[in-house]
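Asks: This is the content of upload31.pdb (PDB, C-alpha atoms):
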ATOM      1  CA  MET A   1     152.795 116.727 150.288
ATOM      2  CA  GLN A   2     153.895 120.098 148.918
ATOM      3  CA  LEU A   3     157.249 118.606 147.910
ATOM      4  CA  PHE A   4     155.459 115.735 146.112
ATOM      5  CA  MET A   5     153.176 118.148 144.216
ATOM      6  CA  LYS A   6     156.195 120.240 143.234
ATOM      7  CA  MET A   7     157.957 117.141 141.875
ATOM      8  CA  VAL A   8     154.863 116.173 139.860
ATOM      9  CA  SER A   9     154.634 119.695 138.448
ATOM     10  CA  LEU A  10     158.295 119.595 137.404
ATOM     11  CA  GLN A  11     157.762 116.215 135.710
ATOM     12  CA  LEU A  12     154.835 117.632 133.738
ATOM     13  CA  ILE A  13     156.842 120.705 132.734
ATOM     14  CA  TYR A  14     159.893 118.751 131.550
ATOM     15  CA  ARG A  15     158.107 115.745 130.093
ATOM     16  CA  LYS A  16     159.021 115.527 126.427
ATOM     17  CA  PRO A  17     155.916 115.901 124.209
ATOM     18  CA  MET A  18     155.264 113.557 121.289
ATOM     19  CA  LEU A  19     156.466 115.147 118.050
ATOM     20  CA  LEU A  20     153.545 115.370 115.617
ATOM     21  CA  PHE A  21     153.780 116.816 112.110
ATOM     22  CA  ASN A  22     150.824 117.327 109.779
ATOM     23  CA  THR A  23     152.658 118.522 106.676
ATOM     24  CA  GLN A  24     155.567 117.133 104.723
ATOM     25  CA  ASN A  25     157.397 120.478 104.786
ATOM     26  CA  GLU A  26     157.339 120.568 108.585
ATOM     27  CA  LEU A  27     158.543 116.980 108.859
ATOM     28  CA  VAL A  28     161.333 117.379 106.296
ATOM     29  CA  SER A  29     162.505 120.593 107.939
ATOM     30  CA  TYR A  30     162.671 118.893 111.337
ATOM     31  CA  LEU A  31     164.444 115.770 110.060
ATOM     32  CA  ASN A  32     167.005 117.918 108.257
ATOM     33  CA  SER A  33     167.675 119.835 111.454
ATOM     34  CA  VAL A  34     168.352 116.763 113.612
ATOM     35  CA  SER A  35     170.029 114.322 111.230
ATOM     36  CA  ASN A  36     173.257 113.953 109.278
ATOM     37  CA  LYS A  37     174.887 111.364 107.000
ATOM     38  CA  GLU A  38     175.421 109.032 109.944
ATOM     39  CA  THR A  39     171.819 109.175 111.186
ATOM     40  CA  LYS A  40     169.788 106.008 110.668
ATOM     41  CA  ILE A  41     166.077 106.716 110.224
ATOM     42  CA  GLY A  42     163.595 103.915 110.830
ATOM     43  CA  PHE A  43     160.165 104.237 109.260
ATOM     44  CA  VAL A  44     156.867 102.458 109.942
ATOM     45  CA  PRO A  45     154.132 103.424 107.447
ATOM     46  CA  THR A  46     150.599 102.751 108.723
ATOM     47  CA  MET A  47     146.994 103.724 108.084
ATOM     48  CA  GLY A  48     146.348 104.170 111.783
ATOM     49  CA  ALA A  49     143.957 102.240 114.043
ATOM     50  CA  LEU A  50     147.139 100.881 115.573
ATOM     51  CA  HIS A  51     147.357  97.506 117.302
ATOM     52  CA  GLU A  52     150.085  95.399 118.917
ATOM     53  CA  GLY A  53     151.385  94.378 115.505
ATOM     54  CA  HIS A  54     152.118  97.995 114.592
ATOM     55  CA  LEU A  55     153.678  98.620 117.990
ATOM     56  CA  SER A  56     155.994  95.642 117.506
ATOM     57  CA  LEU A  57     157.227  97.221 114.267
ATOM     58  CA  LEU A  58     157.956 100.428 116.170
ATOM     59  CA  ALA A  59     159.814  98.501 118.873
ATOM     60  CA  GLU A  60     161.948  96.804 116.212
ATOM     61  CA  ALA A  61     162.660 100.152 114.528
ATOM     62  CA  LEU A  62     163.635 101.780 117.832
ATOM     63  CA  GLN A  63     166.252  99.109 118.487
ATOM     64  CA  ASN A  64     168.104  99.645 115.234
ATOM     65  CA  ASN A  65     167.806 103.325 114.272
ATOM     66  CA  SER A  66     168.753 106.770 115.572
ATOM     67  CA  LEU A  67     165.317 108.257 114.763
ATOM     68  CA  VAL A  68     161.972 106.554 114.166
ATOM     69  CA  VAL A  69     159.087 107.987 112.158
ATOM     70  CA  VAL A  70     155.596 106.474 111.979
ATOM     71  CA  SER A  71     153.127 107.729 109.398
ATOM     72  CA  ILE A  72     149.387 107.632 110.004
ATOM     73  CA  PHE A  73     147.614 108.177 106.717
ATOM     74  CA  VAL A  74     144.531 106.452 105.299
ATOM     75  CA  ASN A  75     145.529 106.329 101.654
ATOM     76  CA  PRO A  76     142.474 106.726  99.386
ATOM     77  CA  THR A  77     144.137 105.462  96.199
ATOM     78  CA  GLN A  78     144.623 101.910  97.486
ATOM     79  CA  PHE A  79     140.914 101.367  98.186
ATOM     80  CA  ASN A  80     138.894  99.947  95.302
ATOM     81  CA  ASN A  81     135.796  99.923  97.519
ATOM     82  CA  ALA A  82     134.454 103.366  98.522
ATOM     83  CA  GLU A  83     132.447 101.896 101.411
ATOM     84  CA  ASP A  84     135.565 100.233 102.812
ATOM     85  CA  LEU A  85     137.407 103.565 102.692
ATOM     86  CA  ALA A  86     134.537 105.391 104.388
ATOM     87  CA  LYS A  87     134.358 102.830 107.207
ATOM     88  CA  TYR A  88     138.097 102.558 107.787
ATOM     89  CA  PRO A  89     138.700 103.576 111.441
ATOM     90  CA  LYS A  90     140.411 106.913 112.074
ATOM     91  CA  THR A  91     141.691 107.097 115.648
ATOM     92  CA  LEU A  92     144.663 109.478 115.693
ATOM     93  CA  ASP A  93     144.408 110.478 119.360
ATOM     94  CA  LYS A  94     144.207 106.851 120.493
ATOM     95  CA  ASP A  95     147.035 105.933 118.132
ATOM     96  CA  ILE A  96     149.310 108.559 119.668
ATOM     97  CA  GLU A  97     148.567 107.258 123.168
ATOM     98  CA  LYS A  98     149.461 103.741 122.034
ATOM     99  CA  ILE A  99     152.701 104.949 120.475
ATOM    100  CA  LYS A 100     153.624 106.607 123.792
ATOM    101  CA  THR A 101     153.442 103.205 125.499
ATOM    102  CA  VAL A 102     156.370 102.140 123.315
ATOM    103  CA  SER A 103     158.331 105.406 123.340
ATOM    104  CA  ASP A 104     157.717 109.148 123.433
ATOM    105  CA  THR A 105     160.649 109.687 121.058
ATOM    106  CA  VAL A 106     158.765 108.402 118.003
ATOM    107  CA  ILE A 107     158.040 111.094 115.402
ATOM    108  CA  VAL A 108     154.433 110.977 114.163
ATOM    109  CA  PHE A 109     153.617 112.087 110.623
ATOM    110  CA  ALA A 110     149.855 112.468 110.089
ATOM    111  CA  PRO A 111     149.361 114.451 106.863
ATOM    112  CA  GLY A 112     146.148 115.267 105.024
ATOM    113  CA  VAL A 113     145.284 113.958 101.566
ATOM    114  CA  ASP A 114     145.922 117.322  99.895
ATOM    115  CA  ASP A 115     149.353 117.612 101.493
ATOM    116  CA  ILE A 116     150.413 114.215 100.138
ATOM    117  CA  TYR A 117     148.737 114.322  96.726
ATOM    118  CA  GLU A 118     148.891 118.086  96.215
ATOM    119  CA  GLY A 119     145.389 118.248  94.737
ATOM    120  CA  LYS A 120     145.774 115.226  92.410
ATOM    121  CA  THR A 121     144.531 112.175  94.268
ATOM    122  CA  VAL A 122     145.430 109.607  91.635
ATOM    123  CA  SER A 123     147.775 106.633  91.490
ATOM    124  CA  GLN A 124     150.927 106.325  89.470
ATOM    125  CA  HIS A 125     151.328 103.338  87.166
ATOM    126  CA  PHE A 126     153.828 100.663  88.217
ATOM    127  CA  ASP A 127     155.196  97.454  86.769
ATOM    128  CA  PHE A 128     156.052  95.076  89.581
ATOM    129  CA  ASP A 129     156.954  92.199  87.230
ATOM    130  CA  GLY A 130     153.526  90.639  87.613
ATOM    131  CA  LEU A 131     153.478  90.513  91.426
ATOM    132  CA  GLU A 132     150.670  93.083  91.360
ATOM    133  CA  ASN A 133     148.299  90.892  89.317
ATOM    134  CA  LYS A 134     148.002  87.965  91.697
ATOM    135  CA  MET A 135     145.720  87.399  94.672
ATOM    136  CA  GLU A 136     145.159  90.828  96.276
ATOM    137  CA  GLY A 137     145.865  92.551  92.971
ATOM    138  CA  LYS A 138     143.493  90.262  91.098
ATOM    139  CA  PHE A 139     140.599  90.805  93.488
ATOM    140  CA  ARG A 140     141.325  94.473  94.259
ATOM    141  CA  PRO A 141     142.050  96.164  90.910
ATOM    142  CA  GLY A 142     144.364  99.150  91.246
ATOM    143  CA  HIS A 143     145.175  98.366  94.873
ATOM    144  CA  PHE A 144     148.908  97.954  94.426
ATOM    145  CA  GLU A 145     149.225 101.008  92.220
ATOM    146  CA  GLY A 146     147.793 102.939  95.172
ATOM    147  CA  VAL A 147     150.190 101.191  97.552
ATOM    148  CA  GLY A 148     153.157 101.867  95.277
ATOM    149  CA  THR A 149     152.181 105.518  94.921
ATOM    150  CA  ILE A 150     151.914 106.231  98.630
ATOM    151  CA  VAL A 151     154.937 104.187  99.693
ATOM    152  CA  LYS A 152     157.136 105.835  97.066
ATOM    153  CA  ARG A 153     155.887 109.274  98.126
ATOM    154  CA  LEU A 154     156.460 108.575 101.821
ATOM    155  CA  PHE A 155     159.947 107.186 101.149
ATOM    156  CA  GLU A 156     160.774 110.356  99.205
ATOM    157  CA  ILE A 157     159.597 112.512 102.127
ATOM    158  CA  VAL A 158     161.058 110.576 105.080
ATOM    159  CA  LYS A 159     164.165 109.192 103.308
ATOM    160  CA  PRO A 160     164.386 106.251 105.709
ATOM    161  CA  THR A 161     167.359 103.974 106.163
ATOM    162  CA  ASN A 162     165.118 101.085 107.187
ATOM    163  CA  ALA A 163     161.379 100.608 106.610
ATOM    164  CA  TYR A 164     159.326  98.026 108.507
ATOM    165  CA  PHE A 165     156.308  96.090 107.218
ATOM    166  CA  GLY A 166     154.302  93.246 108.749
ATOM    167  CA  GLU A 167     154.310  89.878 107.000
ATOM    168  CA  LYS A 168     150.523  89.615 107.199
ATOM    169  CA  ASP A 169     150.533  91.677 104.009
ATOM    170  CA  PHE A 170     153.225  89.459 102.509
ATOM    171  CA  GLN A 171     152.342  90.258  98.902
ATOM    172  CA  GLN A 172     152.587  93.964  99.713
ATOM    173  CA  LEU A 173     155.982  93.352 101.334
ATOM    174  CA  LEU A 174     157.311  91.778  98.115
ATOM    175  CA  ILE A 175     155.874  94.616  96.043
ATOM    176  CA  VAL A 176     157.500  97.284  98.233
ATOM    177  CA  LYS A 177     160.836  95.482  97.849
ATOM    178  CA  LYS A 178     160.308  95.415  94.081
ATOM    179  CA  LEU A 179     159.421  99.136  94.139
ATOM    180  CA  VAL A 180     162.669  99.969  95.933
ATOM    181  CA  GLU A 181     164.649  97.819  93.508
ATOM    182  CA  LYS A 182     163.110  99.351  90.365
ATOM    183  CA  ALA A 183     163.235 102.938  91.626
ATOM    184  CA  ASN A 184     166.823 102.524  92.870
ATOM    185  CA  MET A 185     165.868 103.759  96.322
ATOM    186  CA  SER A 186     168.378 103.284  99.137
ATOM    187  CA  VAL A 187     165.873 101.868 101.629
ATOM    188  CA  ASN A 188     166.276  98.572 103.452
ATOM    189  CA  VAL A 189     162.790  96.975 103.545
ATOM    190  CA  ILE A 190     162.357  94.675 106.536
ATOM    191  CA  GLY A 191     159.532  92.172 106.991
ATOM    192  CA  CYS A 192     158.436  91.436 110.583
ATOM    193  CA  PRO A 193     156.460  88.455 111.944
ATOM    194  CA  ILE A 194     152.661  88.475 112.128
ATOM    195  CA  HIS A 195     151.182  89.366 115.517
ATOM    196  CA  ARG A 196     148.106  87.324 116.418
ATOM    197  CA  GLU A 197     145.272  87.599 118.894
ATOM    198  CA  SER A 198     144.968  84.909 121.557
ATOM    199  CA  ASN A 199     142.744  82.789 119.277
ATOM    200  CA  GLY A 200     145.216  82.989 116.375
ATOM    201  CA  LEU A 201     143.411  85.672 114.352
ATOM    202  CA  ALA A 202     145.975  87.873 112.606
ATOM    203  CA  MET A 203     145.924  91.346 114.117
ATOM    204  CA  SER A 204     144.387  93.903 111.763
ATOM    205  CA  SER A 205     142.764  97.313 112.042
ATOM    206  CA  ARG A 206     139.708  95.751 110.421
ATOM    207  CA  ASN A 207     139.280  93.407 113.387
ATOM    208  CA  GLU A 208     137.814  96.375 115.284
ATOM    209  CA  ARG A 209     134.793  96.243 112.978
ATOM    210  CA  LEU A 210     133.993  92.644 113.960
ATOM    211  CA  SER A 211     131.435  91.874 116.639
ATOM    212  CA  ASP A 212     132.661  89.901 119.660
ATOM    213  CA  VAL A 213     131.094  86.742 118.254
ATOM    214  CA  GLU A 214     132.580  87.304 114.791
ATOM    215  CA  ARG A 215     135.985  87.976 116.296
ATOM    216  CA  THR A 216     135.830  84.710 118.210
ATOM    217  CA  ASP A 217     134.551  82.733 115.240
ATOM    218  CA  ALA A 218     137.268  84.196 112.984
ATOM    219  CA  ALA A 219     139.745  81.924 114.738
ATOM    220  CA  ILE A 220     138.699  79.348 112.115
ATOM    221  CA  ILE A 221     140.834  81.188 109.542
ATOM    222  CA  TYR A 222     144.124  80.557 111.316
ATOM    223  CA  LYS A 223     143.090  77.062 112.391
ATOM    224  CA  THR A 224     142.319  76.186 108.780
ATOM    225  CA  ILE A 225     145.571  77.468 107.282
ATOM    226  CA  SER A 226     147.547  75.860 110.129
ATOM    227  CA  GLN A 227     145.976  72.529 109.242
ATOM    228  CA  ALA A 228     146.682  73.291 105.576
ATOM    229  CA  ARG A 229     150.361  73.617 106.484
ATOM    230  CA  ASN A 230     150.287  70.198 108.152
ATOM    231  CA  LEU A 231     148.529  68.610 105.168
ATOM    232  CA  PHE A 232     150.980  70.164 102.696
ATOM    233  CA  GLU A 233     153.733  67.932 104.094
ATOM    234  CA  THR A 234     152.122  64.900 102.448
ATOM    235  CA  LYS A 235     149.375  66.218 100.156
ATOM    236  CA  SER A 236     149.374  68.132  96.878
ATOM    237  CA  ALA A 237     148.562  71.829  96.666
ATOM    238  CA  LEU A 238     145.272  70.926  94.958
ATOM    239  CA  ALA A 239     144.283  68.541  97.747
ATOM    240  CA  VAL A 240     145.112  71.134 100.400
ATOM    241  CA  SER A 241     143.080  73.784  98.573
ATOM    242  CA  GLU A 242     140.085  71.457  98.396
ATOM    243  CA  TYR A 243     140.354  70.883 102.148
ATOM    244  CA  VAL A 244     140.360  74.639 102.855
ATOM    245  CA  ILE A 245     137.356  75.260 100.569
ATOM    246  CA  LYS A 246     135.302  72.455 102.129
ATOM    247  CA  THR A 247     136.202  73.520 105.668
ATOM    248  CA  LEU A 248     135.068  77.122 105.196
ATOM    249  CA  GLU A 249     131.908  76.047 103.339
ATOM    250  CA  LYS A 250     130.757  74.594 106.670
ATOM    251  CA  HIS A 251     130.694  78.105 108.149
ATOM    252  CA  SER A 252     127.853  80.020 106.557
ATOM    253  CA  ASN A 253     128.927  83.403 107.948
ATOM    254  CA  PHE A 254     132.292  83.128 106.172
ATOM    255  CA  GLU A 255     132.766  83.719 102.453
ATOM    256  CA  LEU A 256     136.080  82.537 101.001
ATOM    257  CA  GLU A 257     137.375  84.929  98.336
ATOM    258  CA  TYR A 258     140.535  83.013  97.574
ATOM    259  CA  PHE A 259     142.997  80.484  98.925
ATOM    260  CA  GLN A 260     146.310  80.130  97.130
ATOM    261  CA  ILE A 261     149.501  78.168  97.701
ATOM    262  CA  ALA A 262     152.301  80.004  95.955
ATOM    263  CA  ASP A 263     156.048  80.227  95.550
ATOM    264  CA  GLU A 264     157.174  82.615  98.284
ATOM    265  CA  ALA A 265     159.586  84.439  95.955
ATOM    266  CA  THR A 266     157.489  84.826  92.805
ATOM    267  CA  LEU A 267     153.907  84.290  94.066
ATOM    268  CA  LEU A 268     153.380  81.875  91.176
ATOM    269  CA  PRO A 269     150.817  79.185  92.084
ATOM    270  CA  CYS A 270     152.214  75.856  93.227
ATOM    271  CA  ILE A 271     151.322  73.203  90.647
ATOM    272  CA  ARG A 272     153.852  70.581  91.638
ATOM    273  CA  LYS A 273     155.947  70.826  94.788
ATOM    274  CA  SER A 274     159.690  71.361  94.494
ATOM    275  CA  LYS A 275     162.109  70.761  97.359
ATOM    276  CA  SER A 276     164.186  73.740  96.220
ATOM    277  CA  LYS A 277     161.361  76.259  96.693
ATOM    278  CA  LYS A 278     159.694  77.894  99.666
ATOM    279  CA  TYR A 279     155.912  77.968  99.656
ATOM    280  CA  ARG A 280     153.338  80.090 101.436
ATOM    281  CA  ALA A 281     149.563  79.852 101.782
ATOM    282  CA  PHE A 282     147.474  82.991 101.273
ATOM    283  CA  ILE A 283     143.821  83.442 102.163
ATOM    284  CA  ALA A 284     141.164  86.174 102.002
ATOM    285  CA  VAL A 285     137.808  85.744 103.739
ATOM    286  CA  PHE A 286     134.744  87.958 104.166
ATOM    287  CA  VAL A 287     133.041  87.981 107.557
ATOM    288  CA  ASN A 288     129.835  90.026 107.308
ATOM    289  CA  LYS A 289     131.353  92.160 104.498
ATOM    290  CA  ILE A 290     134.548  92.701 106.497
ATOM    291  CA  ARG A 291     137.522  91.431 104.538
ATOM    292  CA  LEU A 292     140.263  89.609 106.432
ATOM    293  CA  ILE A 293     143.515  88.235 105.037
ATOM    294  CA  ASP A 294     146.132  85.896 106.443
ATOM    295  CA  THR A 295     149.190  83.965 105.354
ATOM    296  CA  ILE A 296     151.433  81.227 106.652
ATOM    297  CA  SER A 297     154.737  79.737 105.584
ATOM    298  CA  LEU A 298     154.427  76.104 104.522
ATOM    299  CA  ASN A 299     158.121  75.160 104.827
TER     300      ASN A 299
END
Output the file's structure as structure tokens, nothing else.
Replies:
Amino acid sequence: MQLFMKMVSLQLIYRKPMLLFNTQNELVSYLNSVSNKETKIGFVPTMGALHEGHLSLLAEALQNNSLVVVSIFVNPTQFNNAEDLAKYPKTLDKDIEKIKTVSDTVIVFAPGVDDIYEGKTVSQHFDFDGLENKMEGKFRPGHFEGVGTIVKRLFEIVKPTNAYFGEKDFQQLLIVKKLVEKANMSVNVIGCPIHRESNGLAMSSRNERLSDVERTDAAIIYKTISQARNLFETKSALAVSEYVIKTLEKHSNFELEYFQIADEATLLPCIRKSKSKKYRAFIAVFVNKIRLIDTISLN
């Protein structure tokens, strides 16, 4: 028994603690001390309230990089709704425990607003060749300027080789790629598949705000866009859109904000199908004032 307790004590003493940095200066200093020109840094930017989708991004990053950094920062400039910002879950301690289930070698960067914005919490202006004006950008004015501002800032701090984003926010993924292209940043932006709950609902931090009943009922979103994909094989984009609208109208607790079938490369709406193009369906739905988005490839 004494030998066992001694072994446990030694394990606790030598167990490597999770590296957590709260300021950019501390993080940069550490990364400079442990990396060189050959070091590949993987980066997963998040706003916390981590779920299996985030953890899958970390797992992917760990397989292909020497070091992996995850940021946990609720970025105020990408919220056009103050109530949404106020209610966004902040669960740093739980997030760190979840990260440990993947690896205790991940470097956590959890800065404060003042550290990132240095007293000027405002967005930069960006031109993303029109990608920013469609769908999410249309219904959330200024959203992508906030996204561009924080992603650019985090890339400048972390200087990642590879950065990982989930395809649930597919429009954001395209915009980050455009940001890297226009700013001539040497970052490889990698899109990773959507992780879904058992009923098909796309995993999101906002899902935690749903009641059990709402979370179950929200399966209708994925069921509807899956059927839309089937219909798109033989029907026009207009006919598929009408189907989606009518389907969700039958569910009084759901409010459809938009449904769009668009060219996967340009996000331009599909008017007439072309065999040479890839298409994707995008949807945004309110469930009791909680906004959920999803997307699915139609090819």
Asks: Provide the atom CA of Phe170 of chain A to atom CA of Glu97 of chain A distance in Å, to one decimal place.
Replies: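 Separating atom CA of Phe170 of chain A from atom CA of Glu97 of chain A is a distance of 27.7 Å.
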Asks: Specify as an NGL selection string each residue included when the PyMOL selection byres ((chain A and resi 122-130) around 12) is applied to this file.
Replies: :A and (75-80 or 113-114 or 116-121 or 131-135 or 137-138 or 141-153 or 171-183 or 265-268)
Asks: Taking 4 positions as the minimum chain separation for residues in the same chain, which residues sit within 8 Å of segment 86-90 of chain A when counting all atoms listed in the file? Answer as a PyMOL selection string.
Replies: chain A and resi 48-49+74+82+205-206
Asks: What's the 8 Å shell around Pro111 of chain A, counting all atoms listed in the file, without same-chain residues fewer than 6 positions away, as number ranges by chain?
Replies: A: 21-24, 72-73
Asks: Keeping only C-alpha atoms, write those residues as a short mmCIF file (atom, residue, chain, number, x, y, z; two decimals), in the frame of the given file.
Replies:
data_model
loop_
_atom_site.label_atom_id
_atom_site.label_comp_id
_atom_site.auth_asym_id
_atom_site.auth_seq_id
_atom_site.Cartn_x
_atom_site.Cartn_y
_atom_site.Cartn_z
CA PHE A 21 153.78 116.82 112.11
CA ASN A 22 150.82 117.33 109.78
CA THR A 23 152.66 118.52 106.68
CA GLN A 24 155.57 117.13 104.72
CA ILE A 72 149.39 107.63 110.00
CA PHE A 73 147.61 108.18 106.72
#
Asks: Excluding Gln260 of chain A and its own-chain neighbours fewer than 4 positions away, which residues fall within 8 Å of it when counting all atoms listed in the file? Please give them as a list of chain:residue names.
Replies: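 My list of contacting residues is A:Met135, A:Ser241, A:Pro269, A:Ala281, A:Phe282, A:Ile283.
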Asks: Residues picked by the PyMOL selection byres ((chain A and resi 66) around 10) here, as a list in words?
Replies: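 Output of the PyMOL selection byres ((chain A and resi 66) around 10): Ser35, Glu38, Thr39, Lys40, Ile41, Gly42, Ala61, Leu62, Gln63, Asn64, Asn65, Leu67, Val68 and Thr161 of chain A.
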Asks: To one decimal place, how far is atom CA of Leu27 of chain A from atom CA of Cys192 of chain A in Å?
Replies: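 Atom CA of Cys192 of chain A lies at a distance of 25.6 Å from atom CA of Leu27 of chain A.
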